[in-house]
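**Q** Take a look at this one; I'll ask things after.
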Amino acid sequence: MPRFLLLDDTDVQQAFAAHLRRLREQAKLSRAALAQRSCVPAPTIKKFELTGQISLRQLLLLWQSLDDLARLYALTQPDALPAQRPSSIEEVLKDGL
């Protein structure tokens, strides 16, 4: 049975920040070293890791420096989307979720 998560933009921003921080720490990179590698200023990286706030361009630069940008790009492709999402609350309730 599929499960639904109630997420908001802050949840997703913080998940991105936590993921990239984990990758930075696994790579044993300081914020300064990542700043040099990604061209994103170290204070911006610190703010992002603490708040999740960052521009899309800077998020992509960090992602490219720490992860496979193709994985993120794949999320934009139609075949990566779930086949059928509920279109109404009635459909959700009908499935017993």
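Chains: A, B, ... in order of the structure tokens. Residues: from 1 per chain. Ligands: from 1, in order shown.
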Name the residues in contact with Gln14 in chain A at a cut-off of 9 Å, using only C-alpha atoms, excluding same-chain residues fewer than 4 positions from it; report them as JSON, numbers by chain.

**A** {"A": [9, 10, 18, 19, 48, 49, 50, 51, 52, 53]}

**Q** Those same residues, written as a PDB file, in the first residue's frame with all heavy atoms?

**A**
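Contents of the output file out26.pdb:
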ATOM      1  N   ASP A   9       7.827  23.004   1.379  1.00  0.00           N
ATOM      2  CA  ASP A   9       9.076  23.447   0.766  1.00  0.00           C
ATOM      3  C   ASP A   9      10.239  23.449   1.748  1.00  0.00           C
ATOM      4  O   ASP A   9      11.364  23.099   1.392  1.00  0.00           O
ATOM      5  CB  ASP A   9       8.900  24.834   0.136  1.00  0.00           C
ATOM      6  CG  ASP A   9       8.433  25.889   1.135  1.00  0.00           C
ATOM      7  OD1 ASP A   9       7.622  25.565   2.022  1.00  0.00           O
ATOM      8  OD2 ASP A   9       8.863  27.051   1.006  1.00  0.00           O
ATOM      9  N   THR A  10       9.982  23.767   2.994  1.00  0.00           N
ATOM     10  CA  THR A  10      11.052  23.788   3.998  1.00  0.00           C
ATOM     11  C   THR A  10      11.600  22.391   4.243  1.00  0.00           C
ATOM     12  O   THR A  10      12.817  22.207   4.369  1.00  0.00           O
ATOM     13  CB  THR A  10      10.533  24.400   5.318  1.00  0.00           C
ATOM     14  OG1 THR A  10      10.057  25.719   5.046  1.00  0.00           O
ATOM     15  CG2 THR A  10      11.618  24.463   6.357  1.00  0.00           C
ATOM     16  N   ALA A  18      20.782  18.718   4.087  1.00  0.00           N
ATOM     17  CA  ALA A  18      21.346  17.608   4.873  1.00  0.00           C
ATOM     18  C   ALA A  18      22.083  16.622   3.977  1.00  0.00           C
ATOM     19  O   ALA A  18      23.166  16.131   4.325  1.00  0.00           O
ATOM     20  CB  ALA A  18      20.236  16.902   5.651  1.00  0.00           C
ATOM     21  N   HIS A  19      21.505  16.328   2.812  1.00  0.00           N
ATOM     22  CA  HIS A  19      22.142  15.392   1.877  1.00  0.00           C
ATOM     23  C   HIS A  19      23.506  15.926   1.429  1.00  0.00           C
ATOM     24  O   HIS A  19      24.512  15.207   1.483  1.00  0.00           O
ATOM     25  CB  HIS A  19      21.238  15.173   0.662  1.00  0.00           C
ATOM     26  CG  HIS A  19      21.867  14.372  -0.421  1.00  0.00           C
ATOM     27  ND1 HIS A  19      22.133  13.023  -0.294  1.00  0.00           N
ATOM     28  CD2 HIS A  19      22.322  14.721  -1.653  1.00  0.00           C
ATOM     29  CE1 HIS A  19      22.706  12.583  -1.406  1.00  0.00           C
ATOM     30  NE2 HIS A  19      22.836  13.591  -2.238  1.00  0.00           N
ATOM     31  N   PHE A  48      23.205  27.738   3.846  1.00  0.00           N
ATOM     32  CA  PHE A  48      22.422  26.657   3.238  1.00  0.00           C
ATOM     33  C   PHE A  48      22.345  25.452   4.164  1.00  0.00           C
ATOM     34  O   PHE A  48      21.267  24.892   4.375  1.00  0.00           O
ATOM     35  CB  PHE A  48      23.033  26.270   1.888  1.00  0.00           C
ATOM     36  CG  PHE A  48      22.409  25.058   1.248  1.00  0.00           C
ATOM     37  CD1 PHE A  48      21.053  25.005   0.989  1.00  0.00           C
ATOM     38  CD2 PHE A  48      23.193  23.977   0.893  1.00  0.00           C
ATOM     39  CE1 PHE A  48      20.483  23.886   0.385  1.00  0.00           C
ATOM     40  CE2 PHE A  48      22.635  22.863   0.299  1.00  0.00           C
ATOM     41  CZ  PHE A  48      21.278  22.816   0.037  1.00  0.00           C
ATOM     42  N   GLU A  49      23.468  25.048   4.720  1.00  0.00           N
ATOM     43  CA  GLU A  49      23.468  23.881   5.604  1.00  0.00           C
ATOM     44  C   GLU A  49      22.635  24.115   6.865  1.00  0.00           C
ATOM     45  O   GLU A  49      22.053  23.172   7.398  1.00  0.00           O
ATOM     46  CB  GLU A  49      24.903  23.504   5.968  1.00  0.00           C
ATOM     47  CG  GLU A  49      25.669  22.915   4.806  1.00  0.00           C
ATOM     48  CD  GLU A  49      27.098  22.507   5.139  1.00  0.00           C
ATOM     49  OE1 GLU A  49      27.585  22.831   6.241  1.00  0.00           O
ATOM     50  OE2 GLU A  49      27.720  21.868   4.285  1.00  0.00           O
ATOM     51  N   LEU A  50      22.569  25.341   7.316  1.00  0.00           N
ATOM     52  CA  LEU A  50      21.821  25.643   8.538  1.00  0.00           C
ATOM     53  C   LEU A  50      20.335  25.910   8.285  1.00  0.00           C
ATOM     54  O   LEU A  50      19.496  25.593   9.133  1.00  0.00           O
ATOM     55  CB  LEU A  50      22.450  26.841   9.256  1.00  0.00           C
ATOM     56  CG  LEU A  50      23.867  26.615   9.781  1.00  0.00           C
ATOM     57  CD1 LEU A  50      24.433  27.916  10.347  1.00  0.00           C
ATOM     58  CD2 LEU A  50      23.888  25.515  10.826  1.00  0.00           C
ATOM     59  N   THR A  51      20.009  26.495   7.132  1.00  0.00           N
ATOM     60  CA  THR A  51      18.628  26.935   6.895  1.00  0.00           C
ATOM     61  C   THR A  51      17.947  26.285   5.697  1.00  0.00           C
ATOM     62  O   THR A  51      16.727  26.343   5.586  1.00  0.00           O
ATOM     63  CB  THR A  51      18.573  28.454   6.672  1.00  0.00           C
ATOM     64  OG1 THR A  51      19.215  28.767   5.426  1.00  0.00           O
ATOM     65  CG2 THR A  51      19.226  29.209   7.812  1.00  0.00           C
ATOM     66  N   GLY A  52      18.748  25.751   4.777  1.00  0.00           N
ATOM     67  CA  GLY A  52      18.181  25.221   3.534  1.00  0.00           C
ATOM     68  C   GLY A  52      17.982  26.291   2.476  1.00  0.00           C
ATOM     69  O   GLY A  52      17.552  25.994   1.369  1.00  0.00           O
ATOM     70  N   GLN A  53      18.300  27.543   2.788  1.00  0.00           N
ATOM     71  CA  GLN A  53      18.099  28.663   1.867  1.00  0.00           C
ATOM     72  C   GLN A  53      19.294  28.807   0.925  1.00  0.00           C
ATOM     73  O   GLN A  53      20.424  28.927   1.380  1.00  0.00           O
ATOM     74  CB  GLN A  53      17.924  29.964   2.646  1.00  0.00           C
ATOM     75  CG  GLN A  53      16.731  29.976   3.566  1.00  0.00           C
ATOM     76  CD  GLN A  53      15.428  30.026   2.803  1.00  0.00           C
ATOM     77  OE1 GLN A  53      15.278  30.802   1.873  1.00  0.00           O
ATOM     78  NE2 GLN A  53      14.485  29.195   3.205  1.00  0.00           N
TER      79      GLN A  53
END

**Q** So that I can check the secondary structure, give me every residue of chain A assigned helix (DSSP H, G or I) by backbone DSSP, as a PDB file with N, CA and C atoms, in the first residue's frame.

**A**
ATOM      1  N   ASP A   9       7.827  23.004   1.379  1.00  0.00           N
ATOM      2  CA  ASP A   9       9.076  23.447   0.766  1.00  0.00           C
ATOM      3  C   ASP A   9      10.239  23.449   1.748  1.00  0.00           C
ATOM      4  N   THR A  10       9.982  23.767   2.994  1.00  0.00           N
ATOM      5  CA  THR A  10      11.052  23.788   3.998  1.00  0.00           C
ATOM      6  C   THR A  10      11.600  22.391   4.243  1.00  0.00           C
ATOM      7  N   ASP A  11      10.718  21.391   4.278  1.00  0.00           N
ATOM      8  CA  ASP A  11      11.161  20.005   4.457  1.00  0.00           C
ATOM      9  C   ASP A  11      12.111  19.595   3.333  1.00  0.00           C
ATOM     10  N   VAL A  12      11.754  19.935   2.119  1.00  0.00           N
ATOM     11  CA  VAL A  12      12.568  19.544   0.960  1.00  0.00           C
ATOM     12  C   VAL A  12      13.884  20.321   0.941  1.00  0.00           C
ATOM     13  N   GLN A  13      13.827  21.607   1.242  1.00  0.00           N
ATOM     14  CA  GLN A  13      15.057  22.404   1.293  1.00  0.00           C
ATOM     15  C   GLN A  13      16.018  21.833   2.328  1.00  0.00           C
ATOM     16  N   GLN A  14      15.511  21.502   3.492  1.00  0.00           N
ATOM     17  CA  GLN A  14      16.370  20.979   4.545  1.00  0.00           C
ATOM     18  C   GLN A  14      16.890  19.584   4.200  1.00  0.00           C
ATOM     19  N   ALA A  15      16.106  18.800   3.474  1.00  0.00           N
ATOM     20  CA  ALA A  15      16.578  17.481   3.041  1.00  0.00           C
ATOM     21  C   ALA A  15      17.734  17.630   2.048  1.00  0.00           C
ATOM     22  N   PHE A  16      17.615  18.580   1.108  1.00  0.00           N
ATOM     23  CA  PHE A  16      18.718  18.837   0.177  1.00  0.00           C
ATOM     24  C   PHE A  16      19.958  19.283   0.947  1.00  0.00           C
ATOM     25  N   ALA A  17      19.777  20.185   1.888  1.00  0.00           N
ATOM     26  CA  ALA A  17      20.908  20.690   2.673  1.00  0.00           C
ATOM     27  C   ALA A  17      21.578  19.566   3.459  1.00  0.00           C
ATOM     28  N   ALA A  18      20.782  18.718   4.087  1.00  0.00           N
ATOM     29  CA  ALA A  18      21.346  17.608   4.873  1.00  0.00           C
ATOM     30  C   ALA A  18      22.083  16.622   3.977  1.00  0.00           C
ATOM     31  N   HIS A  19      21.505  16.328   2.812  1.00  0.00           N
ATOM     32  CA  HIS A  19      22.142  15.392   1.877  1.00  0.00           C
ATOM     33  C   HIS A  19      23.506  15.926   1.429  1.00  0.00           C
ATOM     34  N   LEU A  20      23.536  17.178   1.021  1.00  0.00           N
ATOM     35  CA  LEU A  20      24.798  17.734   0.534  1.00  0.00           C
ATOM     36  C   LEU A  20      25.811  17.921   1.660  1.00  0.00           C
ATOM     37  N   ARG A  21      25.345  18.234   2.852  1.00  0.00           N
ATOM     38  CA  ARG A  21      26.278  18.332   3.974  1.00  0.00           C
ATOM     39  C   ARG A  21      26.904  16.965   4.271  1.00  0.00           C
ATOM     40  N   ARG A  22      26.084  15.909   4.260  1.00  0.00           N
ATOM     41  CA  ARG A  22      26.614  14.549   4.473  1.00  0.00           C
ATOM     42  C   ARG A  22      27.674  14.221   3.430  1.00  0.00           C
ATOM     43  N   LEU A  23      27.369  14.538   2.176  1.00  0.00           N
ATOM     44  CA  LEU A  23      28.338  14.249   1.110  1.00  0.00           C
ATOM     45  C   LEU A  23      29.621  15.059   1.298  1.00  0.00           C
ATOM     46  N   ARG A  24      29.477  16.317   1.713  1.00  0.00           N
ATOM     47  CA  ARG A  24      30.672  17.154   1.955  1.00  0.00           C
ATOM     48  C   ARG A  24      31.522  16.548   3.058  1.00  0.00           C
ATOM     49  N   GLU A  25      30.875  16.134   4.129  1.00  0.00           N
ATOM     50  CA  GLU A  25      31.607  15.554   5.256  1.00  0.00           C
ATOM     51  C   GLU A  25      32.223  14.208   4.887  1.00  0.00           C
ATOM     52  N   GLN A  26      31.513  13.393   4.105  1.00  0.00           N
ATOM     53  CA  GLN A  26      32.074  12.112   3.657  1.00  0.00           C
ATOM     54  C   GLN A  26      33.306  12.321   2.786  1.00  0.00           C
ATOM     55  N   ARG A  31      34.003  23.647   4.405  1.00  0.00           N
ATOM     56  CA  ARG A  31      33.167  24.556   3.615  1.00  0.00           C
ATOM     57  C   ARG A  31      34.037  25.389   2.678  1.00  0.00           C
ATOM     58  N   ALA A  32      35.210  25.786   3.151  1.00  0.00           N
ATOM     59  CA  ALA A  32      36.120  26.588   2.320  1.00  0.00           C
ATOM     60  C   ALA A  32      36.590  25.795   1.102  1.00  0.00           C
ATOM     61  N   ALA A  33      36.901  24.518   1.305  1.00  0.00           N
ATOM     62  CA  ALA A  33      37.345  23.684   0.182  1.00  0.00           C
ATOM     63  C   ALA A  33      36.210  23.474  -0.817  1.00  0.00           C
ATOM     64  N   LEU A  34      35.005  23.263  -0.306  1.00  0.00           N
ATOM     65  CA  LEU A  34      33.857  23.110  -1.206  1.00  0.00           C
ATOM     66  C   LEU A  34      33.574  24.417  -1.931  1.00  0.00           C
ATOM     67  N   ALA A  35      33.753  25.526  -1.252  1.00  0.00           N
ATOM     68  CA  ALA A  35      33.550  26.832  -1.892  1.00  0.00           C
ATOM     69  C   ALA A  35      34.503  26.998  -3.073  1.00  0.00           C
ATOM     70  N   GLN A  36      35.737  26.597  -2.866  1.00  0.00           N
ATOM     71  CA  GLN A  36      36.720  26.710  -3.943  1.00  0.00           C
ATOM     72  C   GLN A  36      36.359  25.794  -5.107  1.00  0.00           C
ATOM     73  N   ARG A  37      35.900  24.598  -4.794  1.00  0.00           N
ATOM     74  CA  ARG A  37      35.555  23.618  -5.820  1.00  0.00           C
ATOM     75  C   ARG A  37      34.290  24.011  -6.585  1.00  0.00           C
ATOM     76  N   SER A  38      33.318  24.596  -5.888  1.00  0.00           N
ATOM     77  CA  SER A  38      32.006  24.845  -6.489  1.00  0.00           C
ATOM     78  C   SER A  38      31.765  26.273  -6.951  1.00  0.00           C
ATOM     79  N   ALA A  42      31.764  30.289   0.832  1.00  0.00           N
ATOM     80  CA  ALA A  42      31.657  29.507   2.065  1.00  0.00           C
ATOM     81  C   ALA A  42      30.544  30.001   2.990  1.00  0.00           C
ATOM     82  N   PRO A  43      30.342  31.324   3.151  1.00  0.00           N
ATOM     83  CA  PRO A  43      29.230  31.764   3.997  1.00  0.00           C
ATOM     84  C   PRO A  43      27.862  31.329   3.450  1.00  0.00           C
ATOM     85  N   THR A  44      27.743  31.260   2.136  1.00  0.00           N
ATOM     86  CA  THR A  44      26.497  30.800   1.523  1.00  0.00           C
ATOM     87  C   THR A  44      26.292  29.318   1.807  1.00  0.00           C
ATOM     88  N   ILE A  45      27.368  28.543   1.749  1.00  0.00           N
ATOM     89  CA  ILE A  45      27.281  27.110   2.058  1.00  0.00           C
ATOM     90  C   ILE A  45      26.859  26.917   3.507  1.00  0.00           C
ATOM     91  N   LYS A  46      27.444  27.700   4.417  1.00  0.00           N
ATOM     92  CA  LYS A  46      27.080  27.607   5.835  1.00  0.00           C
ATOM     93  C   LYS A  46      25.599  27.927   6.027  1.00  0.00           C
ATOM     94  N   LYS A  47      25.137  29.020   5.427  1.00  0.00           N
ATOM     95  CA  LYS A  47      23.730  29.405   5.543  1.00  0.00           C
ATOM     96  C   LYS A  47      22.831  28.304   4.987  1.00  0.00           C
ATOM     97  N   PHE A  48      23.205  27.738   3.846  1.00  0.00           N
ATOM     98  CA  PHE A  48      22.422  26.657   3.238  1.00  0.00           C
ATOM     99  C   PHE A  48      22.345  25.452   4.164  1.00  0.00           C
ATOM    100  N   GLU A  49      23.468  25.048   4.720  1.00  0.00           N
ATOM    101  CA  GLU A  49      23.468  23.881   5.604  1.00  0.00           C
ATOM    102  C   GLU A  49      22.635  24.115   6.865  1.00  0.00           C
ATOM    103  N   LEU A  50      22.569  25.341   7.316  1.00  0.00           N
ATOM    104  CA  LEU A  50      21.821  25.643   8.538  1.00  0.00           C
ATOM    105  C   LEU A  50      20.335  25.910   8.285  1.00  0.00           C
ATOM    106  N   THR A  51      20.009  26.495   7.132  1.00  0.00           N
ATOM    107  CA  THR A  51      18.628  26.935   6.895  1.00  0.00           C
ATOM    108  C   THR A  51      17.947  26.285   5.697  1.00  0.00           C
ATOM    109  N   LEU A  56      18.753  28.504  -6.741  1.00  0.00           N
ATOM    110  CA  LEU A  56      18.770  27.279  -7.543  1.00  0.00           C
ATOM    111  C   LEU A  56      20.128  27.106  -8.220  1.00  0.00           C
ATOM    112  N   ARG A  57      20.668  28.169  -8.757  1.00  0.00           N
ATOM    113  CA  ARG A  57      21.973  28.082  -9.435  1.00  0.00           C
ATOM    114  C   ARG A  57      23.049  27.573  -8.474  1.00  0.00           C
ATOM    115  N   GLN A  58      23.079  28.119  -7.262  1.00  0.00           N
ATOM    116  CA  GLN A  58      24.087  27.705  -6.299  1.00  0.00           C
ATOM    117  C   GLN A  58      23.840  26.268  -5.819  1.00  0.00           C
ATOM    118  N   LEU A  59      22.581  25.883  -5.683  1.00  0.00           N
ATOM    119  CA  LEU A  59      22.275  24.493  -5.331  1.00  0.00           C
ATOM    120  C   LEU A  59      22.827  23.553  -6.398  1.00  0.00           C
ATOM    121  N   LEU A  60      22.626  23.901  -7.653  1.00  0.00           N
ATOM    122  CA  LEU A  60      23.126  23.053  -8.734  1.00  0.00           C
ATOM    123  C   LEU A  60      24.654  22.995  -8.746  1.00  0.00           C
ATOM    124  N   LEU A  61      25.315  24.113  -8.459  1.00  0.00           N
ATOM    125  CA  LEU A  61      26.783  24.106  -8.396  1.00  0.00           C
ATOM    126  C   LEU A  61      27.277  23.196  -7.275  1.00  0.00           C
ATOM    127  N   LEU A  62      26.621  23.258  -6.118  1.00  0.00           N
ATOM    128  CA  LEU A  62      27.011  22.376  -5.013  1.00  0.00           C
ATOM    129  C   LEU A  62      26.735  20.923  -5.363  1.00  0.00           C
ATOM    130  N   TRP A  63      25.555  20.666  -5.920  1.00  0.00           N
ATOM    131  CA  TRP A  63      25.183  19.288  -6.271  1.00  0.00           C
ATOM    132  C   TRP A  63      26.198  18.730  -7.266  1.00  0.00           C
ATOM    133  N   GLN A  64      26.555  19.522  -8.239  1.00  0.00           N
ATOM    134  CA  GLN A  64      27.510  19.084  -9.257  1.00  0.00           C
ATOM    135  C   GLN A  64      28.868  18.770  -8.642  1.00  0.00           C
ATOM    136  N   SER A  65      29.233  19.483  -7.606  1.00  0.00           N
ATOM    137  CA  SER A  65      30.520  19.276  -6.952  1.00  0.00           C
ATOM    138  C   SER A  65      30.527  18.071  -6.018  1.00  0.00           C
ATOM    139  N   LEU A  66      29.352  17.663  -5.532  1.00  0.00           N
ATOM    140  CA  LEU A  66      29.289  16.611  -4.523  1.00  0.00           C
ATOM    141  C   LEU A  66      28.555  15.345  -4.957  1.00  0.00           C
ATOM    142  N   LEU A  69      25.035  15.198 -11.024  1.00  0.00           N
ATOM    143  CA  LEU A  69      23.997  16.120 -11.468  1.00  0.00           C
ATOM    144  C   LEU A  69      22.973  15.413 -12.364  1.00  0.00           C
ATOM    145  N   ALA A  70      23.375  14.359 -13.039  1.00  0.00           N
ATOM    146  CA  ALA A  70      22.445  13.606 -13.888  1.00  0.00           C
ATOM    147  C   ALA A  70      21.318  12.986 -13.057  1.00  0.00           C
ATOM    148  N   ARG A  71      21.610  12.610 -11.807  1.00  0.00           N
ATOM    149  CA  ARG A  71      20.561  12.051 -10.942  1.00  0.00           C
ATOM    150  C   ARG A  71      19.484  13.086 -10.667  1.00  0.00           C
ATOM    151  N   LEU A  72      19.891  14.312 -10.425  1.00  0.00           N
ATOM    152  CA  LEU A  72      18.937  15.377 -10.171  1.00  0.00           C
ATOM    153  C   LEU A  72      18.174  15.709 -11.457  1.00  0.00           C
ATOM    154  N   TYR A  73      18.871  15.761 -12.555  1.00  0.00           N
ATOM    155  CA  TYR A  73      18.245  16.041 -13.855  1.00  0.00           C
ATOM    156  C   TYR A  73      17.197  14.983 -14.198  1.00  0.00           C
ATOM    157  N   ALA A  74      17.473  13.738 -13.854  1.00  0.00           N
ATOM    158  CA  ALA A  74      16.542  12.646 -14.171  1.00  0.00           C
ATOM    159  C   ALA A  74      15.164  12.865 -13.559  1.00  0.00           C
ATOM    160  N   PRO A  78       9.890  12.987 -17.831  1.00  0.00           N
ATOM    161  CA  PRO A  78       8.541  12.441 -17.653  1.00  0.00           C
ATOM    162  C   PRO A  78       8.511  10.999 -17.157  1.00  0.00           C
ATOM    163  N   ASP A  79       9.426  10.161 -17.602  1.00  0.00           N
ATOM    164  CA  ASP A  79       9.403   8.759 -17.178  1.00  0.00           C
ATOM    165  C   ASP A  79       9.842   8.584 -15.728  1.00  0.00           C
ATOM    166  N   ALA A  80      10.370   9.637 -15.113  1.00  0.00           N
ATOM    167  CA  ALA A  80      10.786   9.557 -13.714  1.00  0.00           C
ATOM    168  C   ALA A  80       9.628   9.847 -12.759  1.00  0.00           C
ATOM    169  N   ILE A  89      -9.048  14.176  -3.172  1.00  0.00           N
ATOM    170  CA  ILE A  89      -9.037  13.591  -1.835  1.00  0.00           C
ATOM    171  C   ILE A  89      -9.874  12.320  -1.811  1.00  0.00           C
ATOM    172  N   GLU A  90     -10.889  12.265  -2.663  1.00  0.00           N
ATOM    173  CA  GLU A  90     -11.717  11.054  -2.718  1.00  0.00           C
ATOM    174  C   GLU A  90     -10.895   9.848  -3.147  1.00  0.00           C
ATOM    175  N   GLU A  91      -9.997  10.035  -4.107  1.00  0.00           N
ATOM    176  CA  GLU A  91      -9.136   8.928  -4.546  1.00  0.00           C
ATOM    177  C   GLU A  91      -8.208   8.483  -3.421  1.00  0.00           C
ATOM    178  N   VAL A  92      -7.702   9.421  -2.660  1.00  0.00           N
ATOM    179  CA  VAL A  92      -6.825   9.081  -1.538  1.00  0.00           C
ATOM    180  C   VAL A  92      -7.611   8.279  -0.506  1.00  0.00           C
ATOM    181  N   LEU A  93      -8.803   8.767  -0.161  1.00  0.00           N
ATOM    182  CA  LEU A  93      -9.617   8.089   0.852  1.00  0.00           C
ATOM    183  C   LEU A  93     -10.091   6.725   0.367  1.00  0.00           C
ATOM    184  N   LYS A  94     -10.379   6.617  -0.928  1.00  0.00           N
ATOM    185  CA  LYS A  94     -10.824   5.348  -1.503  1.00  0.00           C
ATOM    186  C   LYS A  94      -9.744   4.271  -1.342  1.00  0.00           C
TER     187      LYS A  94
END

**Q** Give me, please, the distance in Å between CA of Gln77 in chain A and CA of Ala27 in chain A, quoted to one decimal.

**A**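 Result for CA of Gln77 in chain A versus CA of Ala27 in chain A: 28.8 Å, one decimal.
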